[in-house]
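To keep things clear, I will list the structure first and then write my remarks on it.
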Amino acid sequence: MSIKQECIDVISELCQAAKLKQGDILVVGCSTSEVVGSKIGTNSDPDTALEIFEGIYSVLKEKGIYLAVQCCEHLNRAIVTERAAVPFAEAVNVVPQKKAGGSLATVAYSKMADPVVIEEIKADAGIDIGLTLIGMHLKRVAVPVRLSTNKIGNALFTCARTRPRFIGGERAVYDMDKA
């Protein structure tokens with residue numbers, strides 16, 4: 001199975017498991033080095049990044065869910081997304097590159113219709129391909145999501161969804177459809 005198809009399958013399953021809806025944001029952290037079987041940060045692969053982007057983006061675009069791609073540590077894990085996802089965010093001035101941002105962020109920046117780079121986002125769900133640490137870009141209460149597989153290519157991945165915080169203590173009533 002191709003990397004693109006693996007991503008289509010995984011993202012489709014994640015969208016369903018996380019109950020994502022139109023207008024939600026999915027953050028992706030990805031080490032293409034790990035996907036191709038190398039150590040993170042040692043073998044960035046733009047061709048693999050393109051396959052990953054095309055797979056993920058095709059599913060999200062069809063569902064009306066925004067993609068947010070985390071850059072690597074050299075850009076302080078900034079986010080590439082579409083301006084429509086964050087209309088009031090303050091953009092930063094940087095163009096991701098293979099060795100400063102990472103291959104997936106570079107591809108996303110080149111393929112999105114109106115890309116913007118921002119320092120942070122609060123996403124509704126996320127996938128961390130190659131264990132790149134996306135937690136800083138998820139809303140406050142992250143809940144692990146287990147899927148039918150945990151690898152894309154050679155890279156392990158983890159997923160999370162978010163839920164609103166429960167407040168109010170023992171007398172509070174909660175809407176469990178949102179939990």
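How things are named: the first chain in the structure tokens is A, the next is B, and so on; residues count from 1 in each chain; ligands count from 1 in the order shown.
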
Using DSSP secondary structure from the backbone, list all strand (DSSP E) positions within region 1-174 of chain A, as a VMD selection string.
chain A and resid 25 to 30 66 to 70 79 to 82 115 to 118 125 to 129 141 to 145 151 to 152 155 to 163

Using only C-alpha atoms, which residues sit within 12 Å of region 32-41 of chain A once same-chain residues fewer than 3 positions away are excluded, as a PDB file with C-alpha atoms, in the first residue's frame?
```
ATOM      1  CA  SER A   2       1.288   3.481  -0.835  1.00  0.00           C
ATOM      2  CA  ILE A   3       2.081   6.092   1.820  1.00  0.00           C
ATOM      3  CA  LYS A   4      -0.657   8.274   0.318  1.00  0.00           C
ATOM      4  CA  GLU A   6      -2.086   4.772   4.252  1.00  0.00           C
ATOM      5  CA  CYS A   7      -2.638   8.445   5.090  1.00  0.00           C
ATOM      6  CA  VAL A  28      -0.210  17.150  11.854  1.00  0.00           C
ATOM      7  CA  GLY A  29       3.357  16.763  13.002  1.00  0.00           C
ATOM      8  CA  SER A  44      13.907  14.673   5.152  1.00  0.00           C
ATOM      9  CA  ASP A  45      12.090  13.510   2.017  1.00  0.00           C
ATOM     10  CA  PRO A  46      10.016  15.967  -0.074  1.00  0.00           C
ATOM     11  CA  ASP A  47       8.556  13.187  -2.268  1.00  0.00           C
ATOM     12  CA  THR A  48       7.268  11.326   0.783  1.00  0.00           C
ATOM     13  CA  ALA A  49       5.979  14.632   2.172  1.00  0.00           C
ATOM     14  CA  LEU A  50       3.998  15.196  -1.023  1.00  0.00           C
ATOM     15  CA  GLU A  51       2.371  11.758  -0.723  1.00  0.00           C
ATOM     16  CA  ILE A  52       1.504  12.404   2.924  1.00  0.00           C
ATOM     17  CA  PHE A  53       0.143  15.871   2.183  1.00  0.00           C
ATOM     18  CA  CYS A  71       7.063  22.871  11.328  1.00  0.00           C
ATOM     19  CA  CYS A  72      10.166  21.332  12.864  1.00  0.00           C
ATOM     20  CA  GLU A  73      12.026  22.675  15.877  1.00  0.00           C
ATOM     21  CA  HIS A  74      14.190  24.965  13.693  1.00  0.00           C
ATOM     22  CA  LYS A  98      13.322  21.228   3.850  1.00  0.00           C
ATOM     23  CA  LYS A  99      15.958  21.879   6.551  1.00  0.00           C
ATOM     24  CA  ALA A 100      14.146  24.716   8.335  1.00  0.00           C
ATOM     25  CA  GLY A 101      10.528  23.787   8.786  1.00  0.00           C
ATOM     26  CA  GLY A 102      10.565  20.268   7.425  1.00  0.00           C
ATOM     27  CA  SER A 103       9.437  18.618   4.221  1.00  0.00           C
ATOM     28  CA  LEU A 104       5.737  18.338   5.078  1.00  0.00           C
ATOM     29  CA  ALA A 105       5.473  21.992   6.135  1.00  0.00           C
ATOM     30  CA  THR A 106       7.338  23.003   2.978  1.00  0.00           C
ATOM     31  CA  VAL A 107       4.958  21.031   0.778  1.00  0.00           C
ATOM     32  CA  ASP A 128       1.849  12.900  15.305  1.00  0.00           C
ATOM     33  CA  ILE A 129       3.661  10.874  12.637  1.00  0.00           C
ATOM     34  CA  GLY A 130       7.133   9.925  13.802  1.00  0.00           C
ATOM     35  CA  LEU A 131       6.532  11.137  17.368  1.00  0.00           C
ATOM     36  CA  THR A 132       7.379  14.793  16.745  1.00  0.00           C
ATOM     37  CA  LEU A 133       5.443  16.217  19.736  1.00  0.00           C
ATOM     38  CA  ASN A 150      -0.179   2.801  14.532  1.00  0.00           C
ATOM     39  CA  LYS A 151       2.274   3.125  11.637  1.00  0.00           C
ATOM     40  CA  ILE A 152       2.536   5.080   8.416  1.00  0.00           C
ATOM     41  CA  GLY A 153       5.432   3.734   6.404  1.00  0.00           C
ATOM     42  CA  ASN A 154       8.055   2.954   9.054  1.00  0.00           C
ATOM     43  CA  ALA A 155       6.944   5.695  11.452  1.00  0.00           C
ATOM     44  CA  LEU A 156       4.941   5.143  14.593  1.00  0.00           C
ATOM     45  CA  PHE A 157       2.146   7.644  15.093  1.00  0.00           C
TER      46      PHE A 157
END
```

A:Gly126, A:Pro144, A:Pro164, A:Gly169 ranked by distance to Ile56 (chain A), top pick (using only C-alpha atoms):
A:Gly126

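Picture a line from CA of Ala85 (chain A) to CA of Cys159 (chain A); it runs 20.6 Å.
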
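Near Glu120 (chain A), within 10 Å and counting only C-alpha atoms, sit A:Ala68, A:Gln70, A:Asn76, A:Arg77, A:Ala78, A:Ile79, A:Val80, A:Ala89, A:Glu90, A:Ala91, A:Met136, A:His137, A:Leu138, not including residues fewer than 5 positions from it in the same chain.
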
Please identify all polymer residues within 12 Å of Asp124 (chain A), counting only C-alpha atoms, omitting same-chain residues fewer than 5 positions from it, and present them as a PDB file with C-alpha atoms, in the first residue's frame.
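Produced file out_1.pdb, reproduced below:
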```
ATOM      1  CA  LEU A  14      -9.260   9.546  12.812  1.00  0.00           C
ATOM      2  CA  CYS A  15     -11.903  11.999  11.560  1.00  0.00           C
ATOM      3  CA  ALA A  18     -12.604  12.084  16.819  1.00  0.00           C
ATOM      4  CA  LYS A  19     -16.038  13.141  15.501  1.00  0.00           C
ATOM      5  CA  LEU A  20     -14.500  16.004  13.556  1.00  0.00           C
ATOM      6  CA  LYS A  21     -16.880  18.303  11.731  1.00  0.00           C
ATOM      7  CA  GLN A  22     -16.692  21.012   9.117  1.00  0.00           C
ATOM      8  CA  GLY A  23     -14.618  23.958  10.334  1.00  0.00           C
ATOM      9  CA  ASP A  24     -12.577  21.926  12.841  1.00  0.00           C
ATOM     10  CA  ILE A  25      -8.782  21.946  12.717  1.00  0.00           C
ATOM     11  CA  LEU A  26      -6.517  18.891  12.550  1.00  0.00           C
ATOM     12  CA  VAL A  27      -2.840  19.418  13.385  1.00  0.00           C
ATOM     13  CA  VAL A  28      -0.210  17.150  11.854  1.00  0.00           C
ATOM     14  CA  ILE A  65     -11.739  20.346   8.009  1.00  0.00           C
ATOM     15  CA  TYR A  66      -8.696  22.615   8.115  1.00  0.00           C
ATOM     16  CA  LEU A  67      -5.183  21.188   8.016  1.00  0.00           C
ATOM     17  CA  ALA A  68      -2.508  22.675  10.261  1.00  0.00           C
ATOM     18  CA  ILE A 134       2.296  18.111  18.658  1.00  0.00           C
ATOM     19  CA  GLY A 135       0.725  18.504  22.103  1.00  0.00           C
ATOM     20  CA  HIS A 137      -0.962  22.757  19.365  1.00  0.00           C
ATOM     21  CA  LEU A 138      -3.986  20.909  20.773  1.00  0.00           C
ATOM     22  CA  LYS A 139      -6.812  22.423  22.788  1.00  0.00           C
ATOM     23  CA  ARG A 140      -6.542  22.042  26.579  1.00  0.00           C
ATOM     24  CA  VAL A 141      -7.979  18.568  27.167  1.00  0.00           C
ATOM     25  CA  ALA A 142      -6.415  16.053  24.801  1.00  0.00           C
ATOM     26  CA  VAL A 143      -7.780  12.511  24.725  1.00  0.00           C
ATOM     27  CA  CYS A 159      -3.472  10.519  17.624  1.00  0.00           C
ATOM     28  CA  ALA A 160      -5.565  12.678  19.898  1.00  0.00           C
ATOM     29  CA  ARG A 161      -8.874  14.444  19.936  1.00  0.00           C
ATOM     30  CA  THR A 162      -9.858  17.206  22.306  1.00  0.00           C
ATOM     31  CA  ARG A 163     -12.885  17.846  24.449  1.00  0.00           C
ATOM     32  CA  PRO A 164     -14.150  20.824  26.418  1.00  0.00           C
ATOM     33  CA  LYS A 178     -19.210  16.780  23.552  1.00  0.00           C
TER      34      LYS A 178
END
```

From the set A:Ser110, A:Ser148, A:Val59, A:Pro115, which residue has the shortest atom-to-atom contact distance to Ala84 (chain A), counting only C-alpha atoms?
A:Pro115
